[in-house]
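Shown next, in structure tokens, is the structure this report addresses.
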Amino acid sequence: MTDQDQLSPLEAVRARIAAAARAAGRDPAGVTLVAVSKQQPWDSIEPVLRAGQRTFGENRVQEAMERWTGRREGLTLHLIGPLQTNKAREAVGFFEVIESLDRPKLARVLAEEIQRAGRAPRLYVQVNTGEEPQKAGIAPGEADAFIAECRGAFGLSIEGLMCVPPQDEPPAMHFALLAKIARRNGLDRLSMGMSGDFETAIAFGATSVRVGSALFGVRAPAGRPA
Ligand SMILES: *Cc1c(COP(=O)(O)O)cnc(C)c1O
């Protein structure tokens, strides 16, 4: 094994993902790296793109469109931040994956926009595993009914579940809870794990990890253009 100090951040993160997958008895190819480019300057993103990374995550529709329009050929773009219904049309037209489906009104509008566009992003239901009032996501106790409603009432195909655990708690129980909710709803894709905890997430079954600062460095403060 090469000394990780000599690897680029992208190579180092990929190596850590592969090691965590193997340690869990899993195939490293079963874990997708979503490189979270939000609030990052292009100078930080460009080398990662050049090194072959093709899947990126963004948390704002407008910022993502500004950054990626015209340079998104061959890329898979994930929306990982909260989605307002008035941005649903743009999001459906722009992203390959929307990970923040978390309420019936959004499900209804997404279903309408998917119908209209004739293009369906892959959808993840976000679960607020820590039941934090300030955080997006459906409450764990409402997740089963919401997933059923998405599928039944709105005819949406759900690919998996996503969560962002509370910052001040060990993430493992949150990852375990997300995996449990997925299992009982017949879902096998889990978007969980960020720079600080992606190895733990992989141990609990993450099929995609959303990694920002470990790849690109510390972000510009939220709300300020990078
Ligand atoms: C910003 C963000 C990430 C990446 O966080 P890092 O700690 O920088 O890896 C992952 N997921 C979501 C939902 C985010 O908003």
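Naming works like this for the structure tokens: A, B, ... for the chains as they're shown, residue 1 at the start of each chain, ligands 1 onward in shown order.
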Let me see if you get this right: every residue at most 12 Å from ligand 1, counting only C-alpha atoms and all ligand atoms, written as a tab-separated table (two decimals) with all heavy atoms, in the first residue's frame.
```tsv
chain	number	residue	atom	x	y	z
A	13	VAL	N	-8.95	9.51	-0.76
A	13	VAL	CA	-10.34	9.21	-0.40
A	13	VAL	C	-10.78	7.91	-1.06
A	13	VAL	O	-11.41	7.05	-0.42
A	13	VAL	CB	-11.28	10.38	-0.76
A	13	VAL	CG1	-12.74	9.97	-0.69
A	13	VAL	CG2	-11.02	11.57	0.17
A	33	LEU	N	-18.52	7.34	-4.98
A	33	LEU	CA	-18.05	8.59	-4.38
A	33	LEU	C	-18.75	9.77	-5.05
A	33	LEU	O	-18.60	9.99	-6.26
A	33	LEU	CB	-16.54	8.72	-4.55
A	33	LEU	CG	-15.94	10.08	-4.16
A	33	LEU	CD1	-16.19	10.41	-2.69
A	33	LEU	CD2	-14.44	10.11	-4.48
A	34	VAL	N	-19.54	10.49	-4.26
A	34	VAL	CA	-20.15	11.74	-4.74
A	34	VAL	C	-19.28	12.88	-4.21
A	34	VAL	O	-19.19	13.10	-3.00
A	34	VAL	CB	-21.60	11.88	-4.23
A	34	VAL	CG1	-22.21	13.19	-4.70
A	34	VAL	CG2	-22.45	10.69	-4.68
A	35	ALA	N	-18.59	13.55	-5.11
A	35	ALA	CA	-17.68	14.64	-4.71
A	35	ALA	C	-18.49	15.92	-4.53
A	35	ALA	O	-19.07	16.43	-5.49
A	35	ALA	CB	-16.60	14.82	-5.78
A	36	VAL	N	-18.55	16.40	-3.31
A	36	VAL	CA	-19.43	17.54	-3.00
A	36	VAL	C	-18.69	18.85	-3.27
A	36	VAL	O	-17.84	19.28	-2.49
A	36	VAL	CB	-19.93	17.46	-1.54
A	36	VAL	CG1	-20.80	18.67	-1.22
A	36	VAL	CG2	-20.72	16.16	-1.32
A	37	SER	N	-19.06	19.47	-4.40
A	37	SER	CA	-18.32	20.64	-4.89
A	37	SER	C	-18.95	21.96	-4.48
A	37	SER	O	-18.46	23.03	-4.87
A	37	SER	CB	-18.23	20.55	-6.42
A	37	SER	OG	-19.46	20.18	-7.00
A	38	LYS	N	-20.01	21.92	-3.69
A	38	LYS	CA	-20.68	23.16	-3.25
A	38	LYS	C	-19.67	24.13	-2.62
A	38	LYS	O	-18.78	23.71	-1.88
A	38	LYS	CB	-21.77	22.82	-2.23
A	38	LYS	CG	-21.21	22.30	-0.92
A	38	LYS	CD	-22.29	21.98	0.10
A	38	LYS	CE	-21.64	21.61	1.43
A	38	LYS	NZ	-22.58	20.98	2.36
A	39	GLN	N	-19.86	25.40	-2.92
A	39	GLN	CA	-19.07	26.46	-2.29
A	39	GLN	C	-17.56	26.31	-2.48
A	39	GLN	O	-16.78	26.81	-1.68
A	39	GLN	CB	-19.38	26.55	-0.78
A	39	GLN	CG	-20.80	26.98	-0.48
A	39	GLN	CD	-21.26	26.52	0.90
A	39	GLN	OE1	-22.27	25.85	1.04
A	39	GLN	NE2	-20.49	26.86	1.91
A	40	GLN	N	-17.18	25.57	-3.52
A	40	GLN	CA	-15.75	25.41	-3.77
A	40	GLN	C	-15.35	26.22	-5.00
A	40	GLN	O	-16.10	26.28	-5.97
A	40	GLN	CB	-15.41	23.94	-4.01
A	40	GLN	CG	-15.63	23.03	-2.81
A	40	GLN	CD	-14.59	23.21	-1.71
A	40	GLN	OE1	-13.61	23.94	-1.89
A	40	GLN	NE2	-14.82	22.57	-0.58
A	56	PHE	N	-20.69	14.38	-8.99
A	56	PHE	CA	-20.55	15.53	-8.10
A	56	PHE	C	-21.87	15.82	-7.40
A	56	PHE	O	-22.94	15.57	-7.95
A	56	PHE	CB	-20.08	16.76	-8.88
A	56	PHE	CG	-18.67	16.64	-9.39
A	56	PHE	CD1	-18.41	16.04	-10.61
A	56	PHE	CD2	-17.60	17.10	-8.63
A	56	PHE	CE1	-17.10	15.90	-11.08
A	56	PHE	CE2	-16.29	16.96	-9.08
A	56	PHE	CZ	-16.04	16.36	-10.32
A	57	GLY	N	-21.76	16.37	-6.19
A	57	GLY	CA	-22.95	16.74	-5.42
A	57	GLY	C	-22.97	18.23	-5.17
A	57	GLY	O	-21.93	18.85	-4.92
A	58	GLU	N	-24.18	18.78	-5.23
A	58	GLU	CA	-24.36	20.22	-5.00
A	58	GLU	C	-25.58	20.40	-4.10
A	58	GLU	O	-26.52	19.60	-4.16
A	58	GLU	CB	-24.63	20.93	-6.34
A	58	GLU	CG	-23.41	20.98	-7.26
A	58	GLU	CD	-22.42	22.06	-6.84
A	58	GLU	OE1	-22.76	22.90	-5.98
A	58	GLU	OE2	-21.29	22.07	-7.39
A	59	ASN	N	-25.56	21.44	-3.27
A	59	ASN	CA	-26.73	21.59	-2.40
A	59	ASN	C	-27.67	22.73	-2.79
A	59	ASN	O	-28.71	22.89	-2.17
A	59	ASN	CB	-26.33	21.67	-0.92
A	59	ASN	CG	-25.63	22.95	-0.58
A	59	ASN	OD1	-25.07	23.60	-1.46
A	59	ASN	ND2	-25.64	23.32	0.69
A	60	ARG	N	-27.32	23.49	-3.83
A	60	ARG	CA	-28.23	24.53	-4.30
A	60	ARG	C	-28.39	24.47	-5.81
A	60	ARG	O	-27.38	24.41	-6.53
A	60	ARG	CB	-27.71	25.91	-3.91
A	60	ARG	CG	-27.74	26.11	-2.41
A	60	ARG	CD	-27.32	27.49	-2.05
A	60	ARG	NE	-27.26	27.59	-0.59
A	60	ARG	CZ	-26.97	28.71	0.06
A	60	ARG	NH1	-26.73	29.81	-0.62
A	60	ARG	NH2	-26.94	28.71	1.36
A	78	HIS	N	-25.65	15.24	-8.50
A	78	HIS	CA	-26.61	14.93	-7.43
A	78	HIS	C	-27.00	16.22	-6.71
A	78	HIS	O	-26.12	16.98	-6.28
A	78	HIS	CB	-25.97	14.02	-6.38
A	78	HIS	CG	-25.68	12.63	-6.84
A	78	HIS	ND1	-26.03	11.52	-6.11
A	78	HIS	CD2	-25.06	12.16	-7.96
A	78	HIS	CE1	-25.65	10.42	-6.74
A	78	HIS	NE2	-25.05	10.78	-7.87
A	79	LEU	N	-28.29	16.42	-6.52
A	79	LEU	CA	-28.75	17.49	-5.63
A	79	LEU	C	-28.87	16.89	-4.23
A	79	LEU	O	-29.66	15.98	-4.00
A	79	LEU	CB	-30.09	18.06	-6.08
A	79	LEU	CG	-30.63	19.17	-5.16
A	79	LEU	CD1	-29.73	20.40	-5.19
A	79	LEU	CD2	-32.07	19.55	-5.52
A	80	ILE	N	-28.07	17.42	-3.30
A	80	ILE	CA	-28.05	16.84	-1.95
A	80	ILE	C	-28.60	17.82	-0.91
A	80	ILE	O	-28.65	17.49	0.27
A	80	ILE	CB	-26.62	16.41	-1.55
A	80	ILE	CG1	-25.67	17.62	-1.55
A	80	ILE	CG2	-26.11	15.32	-2.49
A	80	ILE	CD1	-24.30	17.30	-0.97
A	81	GLY	N	-29.00	19.01	-1.33
A	81	GLY	CA	-29.55	20.00	-0.40
A	81	GLY	C	-31.04	20.11	-0.55
A	81	GLY	O	-31.63	19.59	-1.50
A	82	PRO	N	-31.69	20.80	0.41
A	82	PRO	CA	-33.14	20.94	0.40
A	82	PRO	C	-33.63	21.55	-0.92
A	82	PRO	O	-32.98	22.42	-1.48
A	82	PRO	CB	-33.43	21.90	1.56
A	82	PRO	CG	-32.20	21.92	2.39
A	82	PRO	CD	-31.06	21.52	1.52
A	83	LEU	N	-34.78	21.07	-1.39
A	83	LEU	CA	-35.34	21.54	-2.66
A	83	LEU	C	-36.68	22.22	-2.41
A	83	LEU	O	-37.59	21.62	-1.85
A	83	LEU	CB	-35.51	20.35	-3.61
A	83	LEU	CG	-36.13	20.64	-4.98
A	83	LEU	CD1	-35.34	21.70	-5.74
A	83	LEU	CD2	-36.24	19.35	-5.80
A	98	ILE	N	-31.75	13.29	-7.36
A	98	ILE	CA	-32.22	14.23	-6.35
A	98	ILE	C	-32.33	13.45	-5.04
A	98	ILE	O	-33.08	12.47	-4.95
A	98	ILE	CB	-33.57	14.86	-6.74
A	98	ILE	CG1	-33.40	15.74	-7.99
A	98	ILE	CG2	-34.14	15.69	-5.58
A	98	ILE	CD1	-34.70	16.32	-8.55
A	99	GLU	N	-31.56	13.88	-4.04
A	99	GLU	CA	-31.45	13.09	-2.80
A	99	GLU	C	-32.28	13.65	-1.66
A	99	GLU	O	-32.22	13.13	-0.54
A	99	GLU	CB	-29.98	13.01	-2.36
A	99	GLU	CG	-29.06	12.38	-3.40
A	99	GLU	CD	-27.77	11.84	-2.78
A	99	GLU	OE1	-27.70	11.72	-1.54
A	99	GLU	OE2	-26.84	11.55	-3.55
A	100	SER	N	-33.01	14.73	-1.89
A	100	SER	CA	-33.65	15.46	-0.79
A	100	SER	C	-35.17	15.47	-0.87
A	100	SER	O	-35.80	16.42	-0.45
A	100	SER	CB	-33.10	16.88	-0.76
A	100	SER	OG	-33.10	17.44	-2.07
A	124	TYR	N	-33.95	9.91	-4.05
A	124	TYR	CA	-33.70	9.39	-2.70
A	124	TYR	C	-34.60	10.14	-1.72
A	124	TYR	O	-34.73	11.37	-1.82
A	124	TYR	CB	-32.23	9.60	-2.30
A	124	TYR	CG	-31.29	8.61	-2.94
A	124	TYR	CD1	-31.09	8.62	-4.32
A	124	TYR	CD2	-30.62	7.67	-2.18
A	124	TYR	CE1	-30.23	7.71	-4.92
A	124	TYR	CE2	-29.76	6.75	-2.76
A	124	TYR	CZ	-29.57	6.77	-4.13
A	124	TYR	OH	-28.73	5.85	-4.72
A	126	GLN	N	-34.96	11.64	1.80
A	126	GLN	CA	-34.10	12.06	2.91
A	126	GLN	C	-34.83	11.84	4.23
A	126	GLN	O	-35.97	12.29	4.39
A	126	GLN	CB	-33.70	13.53	2.75
A	126	GLN	CG	-32.77	13.99	3.88
A	126	GLN	CD	-32.25	15.41	3.69
A	126	GLN	OE1	-32.51	16.04	2.66
A	126	GLN	NE2	-31.52	15.90	4.68
A	127	VAL	N	-34.16	11.17	5.16
A	127	VAL	CA	-34.74	10.90	6.47
A	127	VAL	C	-33.96	11.70	7.52
A	127	VAL	O	-32.74	11.65	7.58
A	127	VAL	CB	-34.69	9.39	6.80
A	127	VAL	CG1	-35.34	9.11	8.15
A	127	VAL	CG2	-35.38	8.57	5.70
A	128	ASN	N	-34.70	12.41	8.34
A	128	ASN	CA	-34.12	13.22	9.42
A	128	ASN	C	-33.96	12.31	10.63
A	128	ASN	O	-34.75	12.35	11.58
A	128	ASN	CB	-35.05	14.40	9.70
A	128	ASN	CG	-34.47	15.40	10.69
A	128	ASN	OD1	-33.39	15.22	11.23
A	128	ASN	ND2	-35.22	16.46	10.93
A	135	LYS	N	-33.41	20.65	10.49
A	135	LYS	CA	-32.86	19.88	9.39
A	135	LYS	C	-33.95	19.32	8.48
A	135	LYS	O	-35.03	18.98	8.95
A	135	LYS	CB	-32.01	18.73	9.95
A	135	LYS	CG	-31.02	18.17	8.95
A	135	LYS	CD	-29.99	17.28	9.61
A	135	LYS	CE	-28.73	18.06	10.02
A	135	LYS	NZ	-27.76	17.22	10.69
A	136	ALA	N	-33.66	19.26	7.20
A	136	ALA	CA	-34.59	18.68	6.23
A	136	ALA	C	-34.70	17.18	6.46
A	136	ALA	O	-33.90	16.57	7.16
A	136	ALA	CB	-34.11	18.97	4.82
A	137	GLY	N	-35.72	16.58	5.84
A	137	GLY	CA	-35.88	15.13	5.94
A	137	GLY	C	-37.19	14.76	6.60
A	137	GLY	O	-37.68	15.48	7.47
A	162	MET	N	-31.47	8.71	2.08
A	162	MET	CA	-30.33	9.58	2.40
A	162	MET	C	-30.50	10.14	3.80
A	162	MET	O	-31.63	10.38	4.24
A	162	MET	CB	-30.27	10.71	1.38
A	162	MET	CG	-29.11	11.68	1.54
A	162	MET	SD	-29.45	13.09	2.60
A	162	MET	CE	-29.11	14.43	1.47
A	163	CYS	N	-29.39	10.32	4.53
A	163	CYS	CA	-29.47	11.02	5.82
A	163	CYS	C	-28.21	11.84	6.08
A	163	CYS	O	-27.15	11.59	5.49
A	163	CYS	CB	-29.72	10.05	6.98
A	163	CYS	SG	-28.28	9.10	7.51
A	164	VAL	N	-28.39	12.83	6.94
A	164	VAL	CA	-27.28	13.65	7.46
A	164	VAL	C	-27.42	13.60	8.99
A	164	VAL	O	-28.26	14.29	9.55
A	164	VAL	CB	-27.37	15.11	6.98
A	164	VAL	CG1	-26.17	15.91	7.49
A	164	VAL	CG2	-27.47	15.20	5.47
A	165	PRO	N	-26.62	12.78	9.66
A	165	PRO	CA	-26.76	12.64	11.12
A	165	PRO	C	-26.45	13.95	11.85
A	165	PRO	O	-25.75	14.81	11.31
A	165	PRO	CB	-25.73	11.58	11.49
A	165	PRO	CG	-25.40	10.88	10.22
A	165	PRO	CD	-25.58	11.88	9.14
A	166	PRO	N	-26.95	14.08	13.08
A	166	PRO	CA	-26.61	15.26	13.89
A	166	PRO	C	-25.10	15.36	14.06
A	166	PRO	O	-24.41	14.35	14.14
A	166	PRO	CB	-27.28	14.96	15.24
A	166	PRO	CG	-28.33	13.95	14.95
A	166	PRO	CD	-27.84	13.15	13.79
A	167	GLN	N	-24.60	16.60	14.11
A	167	GLN	CA	-23.15	16.79	14.20
A	167	GLN	C	-22.57	16.34	15.53
A	167	GLN	O	-21.40	15.99	15.62
A	167	GLN	CB	-22.83	18.27	13.97
A	167	GLN	CG	-22.71	18.61	12.50
A	167	GLN	CD	-22.27	20.04	12.26
A	167	GLN	OE1	-22.25	20.84	13.19
A	167	GLN	NE2	-21.92	20.35	11.04
A	191	SER	N	-27.48	6.59	0.72
A	191	SER	CA	-26.55	7.71	0.61
A	191	SER	C	-26.28	8.23	2.00
A	191	SER	O	-27.12	8.89	2.61
A	191	SER	CB	-27.16	8.82	-0.27
A	191	SER	OG	-26.36	9.99	-0.19
A	192	MET	N	-25.12	7.88	2.54
A	192	MET	CA	-24.78	8.32	3.89
A	192	MET	C	-23.28	8.28	4.08
A	192	MET	O	-22.58	7.47	3.50
A	192	MET	CB	-25.52	7.47	4.94
A	192	MET	CG	-25.29	5.96	4.86
A	192	MET	SD	-26.40	5.07	5.98
A	192	MET	CE	-25.56	3.48	6.04
A	193	GLY	N	-22.81	9.22	4.92
A	193	GLY	CA	-21.38	9.35	5.16
A	193	GLY	C	-20.84	10.57	4.46
A	193	GLY	O	-21.11	10.81	3.27
A	194	MET	N	-20.09	11.39	5.20
A	194	MET	CA	-19.46	12.60	4.69
A	194	MET	C	-17.96	12.53	5.05
A	194	MET	O	-17.48	11.48	5.45
A	194	MET	CB	-20.15	13.84	5.28
A	194	MET	CG	-21.66	13.66	5.27
A	194	MET	SD	-22.75	15.08	5.56
A	194	MET	CE	-21.81	16.26	6.45
A	195	SER	N	-17.25	13.64	4.91
A	195	SER	CA	-15.80	13.57	5.12
A	195	SER	C	-15.42	12.96	6.47
A	195	SER	O	-14.47	12.19	6.55
A	195	SER	CB	-15.19	14.98	5.03
A	195	SER	OG	-15.25	15.44	3.70
A	196	GLY	N	-16.18	13.29	7.51
A	196	GLY	CA	-15.80	12.86	8.85
A	196	GLY	C	-16.20	11.44	9.21
A	196	GLY	O	-15.73	10.91	10.23
A	197	ASP	N	-17.08	10.85	8.41
A	197	ASP	CA	-17.63	9.57	8.88
A	197	ASP	C	-17.94	8.58	7.75
A	197	ASP	O	-18.71	7.63	7.95
A	197	ASP	CB	-18.89	9.82	9.72
A	197	ASP	CG	-19.94	10.64	8.98
A	197	ASP	OD1	-19.89	10.70	7.75
A	197	ASP	OD2	-20.82	11.22	9.66
A	198	PHE	N	-17.34	8.76	6.58
A	198	PHE	CA	-17.76	7.89	5.46
A	198	PHE	C	-17.34	6.44	5.65
A	198	PHE	O	-18.02	5.52	5.17
A	198	PHE	CB	-17.33	8.46	4.10
A	198	PHE	CG	-15.87	8.50	3.82
A	198	PHE	CD1	-15.19	7.39	3.35
A	198	PHE	CD2	-15.15	9.68	4.00
A	198	PHE	CE1	-13.83	7.45	3.06
A	198	PHE	CE2	-13.79	9.75	3.72
A	198	PHE	CZ	-13.13	8.63	3.26
A	199	GLU	N	-16.25	6.22	6.39
A	199	GLU	CA	-15.85	4.83	6.61
A	199	GLU	C	-16.86	4.09	7.50
A	199	GLU	O	-17.20	2.93	7.25
A	199	GLU	CB	-14.43	4.77	7.19
A	199	GLU	CG	-13.40	5.06	6.08
A	199	GLU	CD	-12.26	5.95	6.51
A	199	GLU	OE1	-12.52	6.93	7.26
A	199	GLU	OE2	-11.12	5.69	6.09
A	208	SER	N	-23.49	5.04	-1.47
A	208	SER	CA	-22.80	6.24	-1.93
A	208	SER	C	-22.44	7.09	-0.73
A	208	SER	O	-23.17	7.12	0.27
A	208	SER	CB	-23.61	7.02	-2.96
A	208	SER	OG	-24.86	7.38	-2.47
A	209	VAL	N	-21.29	7.74	-0.83
A	209	VAL	CA	-20.82	8.63	0.23
A	209	VAL	C	-20.64	10.01	-0.38
A	209	VAL	O	-20.24	10.15	-1.54
A	209	VAL	CB	-19.51	8.12	0.88
A	209	VAL	CG1	-19.76	6.82	1.62
A	209	VAL	CG2	-18.40	7.93	-0.14
A	210	ARG	N	-20.99	11.03	0.39
A	210	ARG	CA	-20.94	12.41	-0.10
A	210	ARG	C	-19.78	13.13	0.58
A	210	ARG	O	-19.87	13.49	1.75
A	210	ARG	CB	-22.27	13.11	0.21
A	210	ARG	CG	-23.52	12.33	-0.25
A	210	ARG	CD	-24.78	13.06	0.16
A	210	ARG	NE	-24.77	13.40	1.57
A	210	ARG	CZ	-25.28	12.65	2.55
A	210	ARG	NH1	-25.86	11.49	2.27
A	210	ARG	NH2	-25.21	13.03	3.80
A	211	VAL	N	-18.70	13.30	-0.15
A	211	VAL	CA	-17.47	13.80	0.47
A	211	VAL	C	-17.07	15.14	-0.15
A	211	VAL	O	-16.86	15.24	-1.36
A	211	VAL	CB	-16.33	12.77	0.30
A	211	VAL	CG1	-15.04	13.30	0.92
A	211	VAL	CG2	-16.73	11.44	0.94
A	212	GLY	N	-16.99	16.16	0.69
A	212	GLY	CA	-16.62	17.49	0.22
A	212	GLY	C	-15.24	17.91	0.69
A	212	GLY	O	-14.25	17.83	-0.04
A	213	SER	N	-15.15	18.34	1.95
A	213	SER	CA	-13.92	18.97	2.42
A	213	SER	C	-12.70	18.05	2.36
A	213	SER	O	-11.58	18.53	2.13
A	213	SER	CB	-14.12	19.54	3.82
A	213	SER	OG	-14.84	18.66	4.62
A	214	ALA	N	-12.88	16.74	2.52
A	214	ALA	CA	-11.72	15.84	2.43
A	214	ALA	C	-11.13	15.81	1.02
A	214	ALA	O	-9.96	15.48	0.84
A	214	ALA	CB	-12.10	14.43	2.87
A	215	LEU	N	-11.93	16.19	0.03
A	215	LEU	CA	-11.44	16.22	-1.35
A	215	LEU	C	-10.95	17.60	-1.76
A	215	LEU	O	-9.96	17.74	-2.48
A	215	LEU	CB	-12.57	15.84	-2.31
A	215	LEU	CG	-13.00	14.39	-2.37
A	215	LEU	CD1	-14.23	14.27	-3.24
A	215	LEU	CD2	-11.87	13.52	-2.90
A	216	PHE	N	-11.70	18.61	-1.34
A	216	PHE	CA	-11.49	19.95	-1.90
A	216	PHE	C	-10.93	20.95	-0.89
A	216	PHE	O	-10.63	22.08	-1.25
A	216	PHE	CB	-12.82	20.50	-2.42
A	216	PHE	CG	-13.47	19.67	-3.48
A	216	PHE	CD1	-14.66	19.01	-3.24
A	216	PHE	CD2	-12.88	19.55	-4.73
A	216	PHE	CE1	-15.27	18.25	-4.23
A	216	PHE	CE2	-13.48	18.80	-5.73
A	216	PHE	CZ	-14.67	18.15	-5.47
A	217	GLY	N	-10.87	20.58	0.36
A	217	GLY	CA	-10.46	21.53	1.38
A	217	GLY	C	-11.66	22.23	2.00
A	217	GLY	O	-12.80	22.02	1.59
A	218	VAL	N	-11.38	23.09	2.97
A	218	VAL	CA	-12.44	23.78	3.69
A	218	VAL	C	-13.20	24.70	2.73
A	218	VAL	O	-12.60	25.37	1.90
A	218	VAL	CB	-11.84	24.58	4.87
A	218	VAL	CG1	-12.92	25.37	5.59
A	218	VAL	CG2	-11.12	23.65	5.83
A	219	ARG	N	-14.53	24.71	2.88
A	219	ARG	CA	-15.37	25.52	1.99
A	219	ARG	C	-15.40	26.99	2.39
A	219	ARG	O	-15.21	27.33	3.55
A	219	ARG	CB	-16.82	25.03	2.05
A	219	ARG	CG	-17.10	23.81	1.25
A	219	ARG	CD	-18.55	23.43	1.39
A	219	ARG	NE	-18.88	22.92	2.71
A	219	ARG	CZ	-18.67	21.68	3.12
A	219	ARG	NH1	-18.13	20.80	2.31
A	219	ARG	NH2	-19.00	21.30	4.32
A	220	ALA	N	-15.72	27.85	1.41
A	220	ALA	CA	-16.07	29.24	1.71
A	220	ALA	C	-17.33	29.22	2.57
A	220	ALA	O	-18.14	28.31	2.47
A	220	ALA	CB	-16.33	29.99	0.41
A	221	PRO	N	-17.50	30.22	3.45
A	221	PRO	CA	-18.70	30.26	4.29
A	221	PRO	C	-19.97	30.22	3.43
A	221	PRO	O	-19.99	30.77	2.33
A	221	PRO	CB	-18.59	31.60	5.01
A	221	PRO	CG	-17.15	31.98	4.96
A	221	PRO	CD	-16.61	31.37	3.70
A	222	ALA	N	-21.02	29.56	3.97
A	222	ALA	CA	-22.27	29.42	3.23
A	222	ALA	C	-22.80	30.80	2.83
A	222	ALA	O	-22.67	31.77	3.58
A	222	ALA	CB	-23.29	28.70	4.07
```
Fewer than 3 positions away in the same chain doesn't count, so skip those; otherwise give me all residues within 7 Å of Phe204 of chain A, counting only C-alpha atoms, as a compact mmCIF listing (two decimals) with N, CA and C atoms, in the first residue's frame.
```txt
# COMPACT_ATOMS: atom_id res chain seq x y z
N PHE A 175 -26.83 5.76 10.91
CA PHE A 175 -26.63 4.95 9.71
C PHE A 175 -27.39 3.62 9.83
N ALA A 176 -27.34 3.04 11.02
CA ALA A 176 -28.04 1.77 11.24
C ALA A 176 -29.55 1.96 11.08
N THR A 200 -17.34 4.80 8.51
CA THR A 200 -18.39 4.21 9.36
C THR A 200 -19.64 3.93 8.52
N ALA A 201 -20.00 4.89 7.67
CA ALA A 201 -21.19 4.71 6.83
C ALA A 201 -21.06 3.47 5.94
```
**OP:** Measuring atom to atom with only C-alpha atoms, identify which of A:Ile202, A:Leu10, A:Leu110, A:Ala64 is nearest to Thr85 of chain A.
**Re:**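 Checking each of A:Ile202, A:Leu10, A:Leu110, A:Ala64 against Thr85 of chain A, counting only C-alpha atoms, the winner is A:Leu110.
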Subject >> Polymer residues at most 6 Å from Gly160 of chain A, only C-alpha atoms, same-chain spacing of 6 or more positions, as an NGL selection string >> reply: :A and (124 or 187 or 189-190)
**OP:** For each of A:Gly25, A:Pro41, A:Pro104, A:Gly74, take the minimum atom-to-atom distance to Thr55 of chain A, counting only C-alpha atoms, then give the residue where this is smallest.
**Re:**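 Checking each candidate against Thr55 of chain A, we get A:Gly74 as the closest.
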**OP:** Apply DSSP to the backbone of this structure and, from segment 36-110 of chain A, keep only the residues in strand (DSSP E or B); write these as a ChimeraX atom specification.
**Re:** /A:36,55-58,76-79,97-101
Subject >> Among the residues A:Ile114, A:Ala120, A:Ala29, A:Ile181, the one that comes closest to Asp144 of chain A [using only C-alpha atoms] >> reply: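 Nearest candidate to Asp144 of chain A out of A:Ile114, A:Ala120, A:Ala29, A:Ile181: A:Ile181.
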Original post:
So how many Å separate atom CA of Arg89 of chain A and atom CA of Ala107 of chain A, to one decimal?
Top reply: 12.2 Å
**OP:** May I ask which of the residues A:Gln115, A:Gly205, A:Glu169, A:Ala12 is the closest one to Glu132 of chain A, counting only C-alpha atoms?
**Re:**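 Result for the nearest residue to Glu132 of chain A: A:Glu169.
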Original post:
Which value, in Å to one decimal, gives the distance between atom CA of Ala23 of chain A and atom CA of Pro171 of chain A?
Top reply: 18.2 Å
Original post:
DSSP on the backbone: what in segment 35-176 of chain A comes out alpha helix (DSSP H), as a PyMOL selection string?
Top reply: chain A and resi 42-50+61-68+88-94+104-117+140-152+172-176
**OP:** For atom CA of Gly52 of chain A and atom CA of Phe95 of chain A, determine how far apart the two atoms are, in Å to one decimal place.
**Re:** 19.2 Å
Subject >> Nearest to Pro140 of chain A, chosen from A:Leu161, A:Ala24, A:Ala203, A:Ile17, with only C-alpha atoms counted in the distances >> reply: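 Once distances to Pro140 of chain A are computed over only C-alpha atoms, the minimum belongs to A:Leu161.
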